[in-house]
Amino acid sequence: MQNAVDMNDAPEAAVRPLSGLLRAVEVWRPSDEGDHLVWGGGAYGELDELRAASVDETFACGEGLPGAAWETRSPVVMHQLSAGNFKRADAARATGVTAGVALPCFRGDELQGIVVFLCGDDPEAQGAFEVWSRNHREELGLSASYYANLERFGLISQYVKFPRGSGLPGETWVSRFPKLISRLGQSKGFMRAAGAAADGLSTALSIPIMRSSLDLDSVVLMLSSARAPLAHAFEIWAREQESDSLRICQADYGQFVNLQPGAAKLRYQVGEGLAGGVWDHGVPEVTEELPVVESARGEALAEIGLTTALAWPVYVSTELAAVINLFL
Amino acid sequence: MASPDDRFVEIFRLIKAYPNPYGEPAVVVDGFNLIMRRGEVVSVIGHSGCGKSTVLTMVAGLNSITQGSVAIAGREVEGAGPDRAVVFQSPCLLPWMTAYQNVLLGVKQVYPHGSKQQRREICEHYLAEVGLADAMHRYPREMSGGMQQRVGIARAIALKPQMLLLDEPFGRLDSLTRMELQDVILRILDRERITTLVITHDVDEALYMSDRVCMMTTGPRAKVGQMLDLPFARPRDRKEVLEHFLYYELRGCLVSFLEQQDKRTFKTVAVPSGTDHTIEAMSETRSDFRAWRHEASDLIAGAADAASTATVELMAGKN
Ligand SMILES: Nc1ncnc2c1ncn2[C@@H]1O[C@H](COP(=O)(O)OP(=O)(O)OP(=O)(O)O)[C@@H](O)[C@H]1O
Ligand SMILES: [Mg+2]
């Protein structure tokens, strides 16, 4: 009984992980022999059946969703997981997971891991993944996308192109560094702001996927809504200039603005916290014990129920440029 | 696969800095990038003063380039040349010459070895194309603004340019003449496949005339904000375009981009007499803003009749 009372006393904001658009996230790593991908951790919210179908799964290069991202070295968006090349179609059907996105993490030519996002088709869910790739006119155009309840925005985006330096994708092409834009509706930097605002989008995270140090493969945009956020918090970590410590260079805490002041002062050494761990090992990681991993601010995170997180490294060629944290 | 025609015009990181009153460089255009396919029509929209004419005159070679480059068919251009013909808002015809003589002037330059007969045929051909077959020998003072602009268009196209640059070519014309001239130009472009950059303040004109729309951010340091590909077939049919199932979506995309880029103009007119009037925001120009103010004062008048203490609030669009 005591527990139940505690639950009721918990702040209203307390969250259930992976209950919005994202239903599961996972990491696939090269096996020791390097000839296939093995499960490298995941968080599946309430989808136990999907977890059970995943932990012992493996993928050859080109096989299934993670294998496709490995083979092409490009982000892959897969729709209708219950029907297509998705290897775990039965589990997807049983758990209502309908679409997946895989991001490759390469350090130079060396595969570090594949990050997979799995989405449900909840009518309340809202958000998008977009892959912007170079066309023969040196513009970025939409090459793949997943839109959840964003018909208008998705429709018009097919016709939009960004030259180098223009818009969030074009800027990310130039900077070769991830970027967050909050309050999309009011943003001058987000060119499709009006459409985004009309459709309820609130936050954009852009991620450069590089083929080599200067050669851009694509820019991935994750677009999150206030109604069903892709993540409860987004952080971009990078090395602080003239010191060895890591700091947050951009963050969006959505409704959890109380996390903001502490985060601004936070400094980690390599190896410390979630981002520091990823910086150290250079591979993507999922945790379901965030308050433990983030001991420096564990209490604050536990209080609002942020237990689950995904972090992955962004490489420019062999150089680790940033680590992205998503609190789910 | 990419072909040279895909990158017929390459405008690469174009920068323009004008000296400000203190002699320091003020960067007006900062890294304008645009690649045009051969024969493509691209319209440029953006707020007044953002740098549209600056880009166009740099491409034309009439305005020095601070940094960056312009290449046509793989060759970097330097200075002005008959390969790029320009039409401005006012056609600048020589008043002591007839329409025919004005066109002939340019034709003599580009066909220095043509015979008299050949040159005459060219002039007559293009004047007929713009609908002036019967008015070739009139002087500018004997022609309406629309007719003069037709001469300007004939003069530009008679140069057989590789690129046509139009800076608000119909800006001064009434809407009927405007629509007529849009069709005149489109017909010629469909036949001659001239790669064309056209600046306009009219989103419907941009949608009707072009294959793609280039939306410029508000300066200083203006550049391309985004491009919009248009799905309408060529040759253009006005009715087909207007009835296209995406027309209003695409139009909305242009209008909301302009709204978003607008720091200065105003968005909502609220009359607290029980009714909220939101004036459809189409805030491209100052003249639109004046039109709004007009509409707003009409609203005040209307509201004042209904309630004695009506006030009108103009809410500034926030950044
Ligand atoms: N010769 C010049 N010297 C200094 N500043 C200039 C000069 N020509 C233009 N500018 C400035 O450069 C900016 C861009 O001007 P430009 O004429 O290119 O704008 P525009 O987009 O064509 O505007 P409009 O829609 O009103 O024609 C303006 O702020 C203008 O004041
Ligand atoms: Mg101008």
# chains A, B, ... in the order shown; residues from 1 in each chain; ligands from 1
$ residues_near_ligand --ligand "ligand 2" --cutoff "7 Å" --atoms "only C-alpha atoms and all ligand atoms" --output "short mmCIF file (atom, residue, chain, number, x, y, z; two decimals) with C-alpha atoms, in the first residue's frame"
data_model
loop_
_atom_site.label_atom_id
_atom_site.label_comp_id
_atom_site.auth_asym_id
_atom_site.auth_seq_id
_atom_site.Cartn_x
_atom_site.Cartn_y
_atom_site.Cartn_z
CA SER B 48 11.57 43.66 -50.12
CA GLY B 49 15.21 44.56 -49.63
CA GLY B 51 18.78 41.06 -51.94
CA LYS B 52 16.91 39.51 -54.86
CA SER B 53 17.92 42.22 -57.33
CA ASP B 167 13.43 41.41 -62.22
#
$ residues_near_ligand --ligand "ligand 1" --cutoff "9 Å" --atoms "only C-alpha atoms and all ligand atoms" --output "MDAnalysis selection string"
chainID B and resid 16:21 26:29 45:57 63 167:168 199:201 216 218:220 222 284:286
$ write_last_selection --atoms "C-alpha atoms" --output "short mmCIF file (atom, residue, chain, number, x, y, z; two decimals), in the first residue's frame"
data_model
loop_
_atom_site.label_atom_id
_atom_site.label_comp_id
_atom_site.auth_asym_id
_atom_site.auth_seq_id
_atom_site.Cartn_x
_atom_site.Cartn_y
_atom_site.Cartn_z
CA LYS B 16 27.66 40.73 -51.86
CA ALA B 17 28.93 43.33 -49.45
CA TYR B 18 28.06 46.98 -50.01
CA PRO B 19 29.93 49.62 -48.06
CA ASN B 20 27.68 51.08 -45.35
CA PRO B 21 27.64 54.86 -44.64
CA ALA B 26 27.70 45.34 -44.97
CA VAL B 27 27.03 41.83 -46.14
CA VAL B 28 23.69 41.84 -47.94
CA VAL B 29 23.83 38.44 -49.63
CA ILE B 45 10.66 35.32 -53.82
CA GLY B 46 11.64 37.11 -50.64
CA HIS B 47 10.90 40.24 -48.70
CA SER B 48 11.57 43.66 -50.12
CA GLY B 49 15.21 44.56 -49.63
CA CYS B 50 16.43 41.03 -48.96
CA GLY B 51 18.78 41.06 -51.94
CA LYS B 52 16.91 39.51 -54.86
CA SER B 53 17.92 42.22 -57.33
CA THR B 54 21.44 42.12 -55.95
CA VAL B 55 21.69 38.42 -56.82
CA LEU B 56 20.13 38.94 -60.24
CA THR B 57 22.37 41.85 -61.18
CA ASN B 63 26.94 44.36 -60.28
CA ASP B 167 13.43 41.41 -62.22
CA GLU B 168 9.76 41.88 -61.34
CA ILE B 199 12.03 37.70 -59.39
CA THR B 200 8.47 38.25 -58.30
CA HIS B 201 6.52 39.46 -55.30
CA MET B 216 15.24 33.84 -50.00
CA THR B 218 15.37 38.08 -45.03
CA GLY B 219 18.62 40.00 -44.99
CA PRO B 220 21.10 41.08 -43.98
CA ALA B 222 20.36 36.67 -47.05
CA GLU B 284 5.38 40.11 -48.93
CA THR B 285 5.56 43.81 -49.45
CA ARG B 286 5.19 47.10 -47.75
#
$ residues_around --residues "A:Gln186" --least-positions-apart "5" --cutoff "12 Å" --atoms "only C-alpha atoms" --output "VMD selection string"
(chain A and resid 181 191 to 198 200 to 203) or (chain B and resid 256 to 257 259 to 263 317 to 319)
$ select_by_dssp --residues "stretch 78-216 of chain B" --states "alpha helix (DSSP H)" --output "PyMOL selection string"
chain B and resi 99-110+116-129+145-157+175-192+203-209
$ residues_around --residues "B:Gln89" --least-positions-apart "3" --cutoff "9 Å" --atoms "only C-alpha atoms" --output "list in words"
Cys92, Gln149, Leu166, Asp167, Glu168, Pro169, Phe170, Gly171 and Arg172 of chain B
$ closest_residue --among "B:Lys108, B:Lys223, B:Arg119, B:Arg191" --to "chain A" --atoms "only C-alpha atoms"
B:Lys223
$ interface_residues --of "chain A" --to "chain B" --cutoff "10 Å" --atoms "only C-alpha atoms" --output "PyMOL selection string"
chain A and resi 135-141+152-153+155-168+170+185-195
$ atom_distance --atom1 "atom CA of B:Leu164" --atom2 "atom CA of B:Met136"
22.4 Å
$ residues_around --residues "A:Ala60" --least-positions-apart "2" --cutoff "10 Å" --atoms "only C-alpha atoms" --output "list of chain:residue names"
A:Pro30, A:Gly34, A:Asp35, A:His36, A:Leu37, A:Val38, A:Thr58, A:Gly62, A:Glu63, A:Gly64, A:Pro66, A:Gly67, A:Ala68, A:Trp70, A:Glu71
$ select_by_dssp --residues "stretch 21-252 of chain A" --states "strand (DSSP E or B)" --output "PyMOL selection string"
chain A and resi 22-30+36-43+58-60+76-78+97-107+110-120+127-134+139-148+160-163+179-181+201-210+216-225+233-239+246-252
$ closest_residue --among "A:Asn258, A:Ser245, A:Gln80, A:Thr72" --to "A:Gly273" --atoms "only C-alpha atoms"
A:Ser245
$ residues_around --residues "A:Phe106" --least-positions-apart "4" --cutoff "10 Å" --atoms "only C-alpha atoms" --output "list in words"
Trp70, Arg73, Glu110, Leu111, Gln112, Gly113, Ile114, Ile209, Met210, Arg211, Ser212, Gly282, Val283, Pro313, Val314, Tyr315, Val316, Ser317 and Thr318 of chain A
$ atom_distance --atom1 "atom CA of A:Arg107" --atom2 "atom CA of A:Glu319"
7.2 Å
$ atom_distance --atom1 "atom CA of B:Met97" --atom2 "atom CA of B:Arg193"
29.4 Å
$ residues_around --residues "B:Arg187" --least-positions-apart "4" --cutoff "12 Å" --atoms "only C-alpha atoms" --output "PyMOL selection string"
chain B and resi 126+129-131+180-183+191-194+209+234-237
$ write_last_selection --atoms "N, CA and C atoms" --output "PDB file, in the first residue's frame"
ATOM      1  N   TYR B 126      10.258  38.354 -83.242  1.00  0.00           N
ATOM      2  CA  TYR B 126      10.087  38.448 -81.793  1.00  0.00           C
ATOM      3  C   TYR B 126       9.055  39.486 -81.403  1.00  0.00           C
ATOM      4  N   GLU B 129       5.933  37.758 -81.761  1.00  0.00           N
ATOM      5  CA  GLU B 129       5.740  36.803 -80.664  1.00  0.00           C
ATOM      6  C   GLU B 129       5.171  37.454 -79.424  1.00  0.00           C
ATOM      7  N   VAL B 130       5.562  38.685 -79.156  1.00  0.00           N
ATOM      8  CA  VAL B 130       5.029  39.348 -77.959  1.00  0.00           C
ATOM      9  C   VAL B 130       3.746  40.118 -78.279  1.00  0.00           C
ATOM     10  N   GLY B 131       3.233  39.915 -79.479  1.00  0.00           N
ATOM     11  CA  GLY B 131       1.931  40.488 -79.818  1.00  0.00           C
ATOM     12  C   GLY B 131       1.984  41.925 -80.307  1.00  0.00           C
ATOM     13  N   GLU B 180      -1.640  38.306 -69.105  1.00  0.00           N
ATOM     14  CA  GLU B 180      -1.378  38.181 -70.539  1.00  0.00           C
ATOM     15  C   GLU B 180       0.112  38.006 -70.789  1.00  0.00           C
ATOM     16  N   LEU B 181       0.906  38.860 -70.128  1.00  0.00           N
ATOM     17  CA  LEU B 181       2.349  38.812 -70.363  1.00  0.00           C
ATOM     18  C   LEU B 181       2.979  37.545 -69.781  1.00  0.00           C
ATOM     19  N   GLN B 182       2.426  37.060 -68.686  1.00  0.00           N
ATOM     20  CA  GLN B 182       2.922  35.781 -68.163  1.00  0.00           C
ATOM     21  C   GLN B 182       2.797  34.708 -69.242  1.00  0.00           C
ATOM     22  N   ASP B 183       1.649  34.709 -69.912  1.00  0.00           N
ATOM     23  CA  ASP B 183       1.435  33.701 -70.954  1.00  0.00           C
ATOM     24  C   ASP B 183       2.335  33.936 -72.159  1.00  0.00           C
ATOM     25  N   ARG B 191       8.996  27.357 -76.202  1.00  0.00           N
ATOM     26  CA  ARG B 191       9.556  27.137 -77.528  1.00  0.00           C
ATOM     27  C   ARG B 191      11.074  27.202 -77.508  1.00  0.00           C
ATOM     28  N   GLU B 192      11.614  28.200 -76.813  1.00  0.00           N
ATOM     29  CA  GLU B 192      13.055  28.459 -76.913  1.00  0.00           C
ATOM     30  C   GLU B 192      13.871  27.785 -75.805  1.00  0.00           C
ATOM     31  N   ARG B 193      13.192  27.282 -74.803  1.00  0.00           N
ATOM     32  CA  ARG B 193      13.880  26.609 -73.684  1.00  0.00           C
ATOM     33  C   ARG B 193      15.020  27.452 -73.107  1.00  0.00           C
ATOM     34  N   ILE B 194      14.725  28.695 -72.803  1.00  0.00           N
ATOM     35  CA  ILE B 194      15.752  29.550 -72.200  1.00  0.00           C
ATOM     36  C   ILE B 194      15.706  29.382 -70.685  1.00  0.00           C
ATOM     37  N   MET B 209       4.390  30.512 -63.146  1.00  0.00           N
ATOM     38  CA  MET B 209       5.449  30.684 -64.145  1.00  0.00           C
ATOM     39  C   MET B 209       6.574  29.655 -64.051  1.00  0.00           C
ATOM     40  N   ARG B 234       4.377  21.330 -68.029  1.00  0.00           N
ATOM     41  CA  ARG B 234       4.594  22.361 -69.033  1.00  0.00           C
ATOM     42  C   ARG B 234       4.226  21.779 -70.378  1.00  0.00           C
ATOM     43  N   PRO B 235       3.682  22.517 -71.335  1.00  0.00           N
ATOM     44  CA  PRO B 235       3.269  23.911 -71.191  1.00  0.00           C
ATOM     45  C   PRO B 235       2.174  24.089 -70.133  1.00  0.00           C
ATOM     46  N   ARG B 236       2.233  25.265 -69.509  1.00  0.00           N
ATOM     47  CA  ARG B 236       1.326  25.554 -68.403  1.00  0.00           C
ATOM     48  C   ARG B 236      -0.071  25.894 -68.899  1.00  0.00           C
ATOM     49  N   ASP B 237      -1.030  25.396 -68.136  1.00  0.00           N
ATOM     50  CA  ASP B 237      -2.407  25.726 -68.400  1.00  0.00           C
ATOM     51  C   ASP B 237      -2.934  26.319 -67.091  1.00  0.00           C
TER      52      ASP B 237
END
$ decode --residues "stretch 172-216 of chain B" --atoms "N, CA and C atoms" --output "compact mmCIF listing (two decimals), in the first residue's frame"
# COMPACT_ATOMS: atom_id res chain seq x y z
N ARG B 172 4.77 46.62 -62.52
CA ARG B 172 4.05 47.87 -62.67
C ARG B 172 2.74 47.71 -63.43
N LEU B 173 2.38 46.49 -63.77
CA LEU B 173 1.25 46.32 -64.69
C LEU B 173 0.00 45.88 -63.94
N ASP B 174 -1.14 46.21 -64.50
CA ASP B 174 -2.40 45.76 -63.90
C ASP B 174 -2.52 44.25 -64.05
N SER B 175 -3.42 43.65 -63.29
CA SER B 175 -3.37 42.20 -63.19
C SER B 175 -3.77 41.51 -64.50
N LEU B 176 -4.61 42.15 -65.29
CA LEU B 176 -4.99 41.53 -66.55
C LEU B 176 -3.82 41.49 -67.53
N THR B 177 -3.16 42.63 -67.66
CA THR B 177 -1.98 42.71 -68.52
C THR B 177 -0.91 41.75 -68.02
N ARG B 178 -0.78 41.70 -66.73
CA ARG B 178 0.18 40.82 -66.09
C ARG B 178 -0.04 39.37 -66.52
N MET B 179 -1.27 38.93 -66.43
CA MET B 179 -1.57 37.55 -66.80
C MET B 179 -1.30 37.31 -68.29
N GLU B 180 -1.64 38.31 -69.11
CA GLU B 180 -1.38 38.18 -70.54
C GLU B 180 0.11 38.01 -70.79
N LEU B 181 0.91 38.86 -70.13
CA LEU B 181 2.35 38.81 -70.36
C LEU B 181 2.98 37.54 -69.78
N GLN B 182 2.43 37.06 -68.69
CA GLN B 182 2.92 35.78 -68.16
C GLN B 182 2.80 34.71 -69.24
N ASP B 183 1.65 34.71 -69.91
CA ASP B 183 1.44 33.70 -70.95
C ASP B 183 2.34 33.94 -72.16
N VAL B 184 2.53 35.22 -72.50
CA VAL B 184 3.44 35.54 -73.61
C VAL B 184 4.82 34.96 -73.32
N ILE B 185 5.33 35.22 -72.12
CA ILE B 185 6.68 34.73 -71.78
C ILE B 185 6.72 33.22 -71.72
N LEU B 186 5.72 32.63 -71.09
CA LEU B 186 5.72 31.16 -70.98
C LEU B 186 5.71 30.51 -72.36
N ARG B 187 4.94 31.07 -73.29
CA ARG B 187 4.89 30.48 -74.63
C ARG B 187 6.26 30.53 -75.29
N ILE B 188 6.91 31.70 -75.14
CA ILE B 188 8.24 31.83 -75.74
C ILE B 188 9.23 30.87 -75.07
N LEU B 189 9.16 30.78 -73.74
CA LEU B 189 10.11 29.92 -73.03
C LEU B 189 9.90 28.46 -73.39
N ASP B 190 8.65 28.07 -73.59
CA ASP B 190 8.39 26.69 -73.97
C ASP B 190 9.01 26.37 -75.32
N ARG B 191 9.00 27.36 -76.20
CA ARG B 191 9.56 27.14 -77.53
C ARG B 191 11.07 27.20 -77.51
N GLU B 192 11.61 28.20 -76.81
CA GLU B 192 13.06 28.46 -76.91
C GLU B 192 13.87 27.78 -75.81
N ARG B 193 13.19 27.28 -74.80
CA ARG B 193 13.88 26.61 -73.68
C ARG B 193 15.02 27.45 -73.11
N ILE B 194 14.72 28.70 -72.80
CA ILE B 194 15.75 29.55 -72.20
C ILE B 194 15.71 29.38 -70.69
N THR B 195 16.87 29.16 -70.09
CA THR B 195 16.97 29.04 -68.65
C THR B 195 16.67 30.41 -68.04
N THR B 196 15.70 30.46 -67.13
CA THR B 196 15.18 31.77 -66.72
C THR B 196 15.11 31.89 -65.20
N LEU B 197 15.58 33.04 -64.73
CA LEU B 197 15.45 33.39 -63.31
C LEU B 197 14.52 34.59 -63.25
N VAL B 198 13.42 34.46 -62.52
CA VAL B 198 12.46 35.56 -62.48
C VAL B 198 12.14 35.93 -61.03
N ILE B 199 12.36 37.20 -60.73
CA ILE B 199 12.03 37.70 -59.39
C ILE B 199 10.58 38.16 -59.40
N THR B 200 9.85 37.77 -58.39
CA THR B 200 8.47 38.25 -58.30
C THR B 200 8.06 38.42 -56.84
N HIS B 201 7.09 39.29 -56.63
CA HIS B 201 6.52 39.46 -55.30
C HIS B 201 5.19 38.73 -55.18
N ASP B 202 4.81 38.08 -56.27
CA ASP B 202 3.47 37.53 -56.35
C ASP B 202 3.57 36.01 -56.29
N VAL B 203 3.10 35.42 -55.19
CA VAL B 203 3.27 33.97 -55.03
C VAL B 203 2.51 33.19 -56.10
N ASP B 204 1.38 33.72 -56.55
CA ASP B 204 0.64 33.01 -57.60
C ASP B 204 1.39 33.06 -58.93
N GLU B 205 2.05 34.19 -59.16
CA GLU B 205 2.87 34.29 -60.36
C GLU B 205 4.04 33.29 -60.30
N ALA B 206 4.65 33.21 -59.12
CA ALA B 206 5.75 32.25 -58.94
C ALA B 206 5.27 30.83 -59.23
N LEU B 207 4.10 30.50 -58.72
CA LEU B 207 3.57 29.14 -58.92
C LEU B 207 3.22 28.89 -60.38
N TYR B 208 2.67 29.89 -61.03
CA TYR B 208 2.23 29.69 -62.41
C TYR B 208 3.39 29.65 -63.39
N MET B 209 4.39 30.51 -63.15
CA MET B 209 5.45 30.68 -64.15
C MET B 209 6.57 29.66 -64.05
N SER B 210 6.85 29.16 -62.85
CA SER B 210 8.16 28.50 -62.71
C SER B 210 8.08 27.00 -62.47
N ASP B 211 9.23 26.37 -62.66
CA ASP B 211 9.37 24.96 -62.33
C ASP B 211 9.76 24.78 -60.87
N ARG B 212 10.48 25.78 -60.38
CA ARG B 212 10.87 25.73 -58.97
C ARG B 212 10.84 27.14 -58.39
N VAL B 213 10.60 27.22 -57.11
CA VAL B 213 10.61 28.52 -56.44
C VAL B 213 11.76 28.54 -55.45
N CYS B 214 12.54 29.61 -55.54
CA CYS B 214 13.65 29.81 -54.61
C CYS B 214 13.21 30.84 -53.59
N MET B 215 13.15 30.43 -52.33
CA MET B 215 12.70 31.35 -51.28
C MET B 215 13.92 31.90 -50.56
N MET B 216 14.07 33.22 -50.63
CA MET B 216 15.24 33.84 -50.00
C MET B 216 14.91 34.27 -48.57
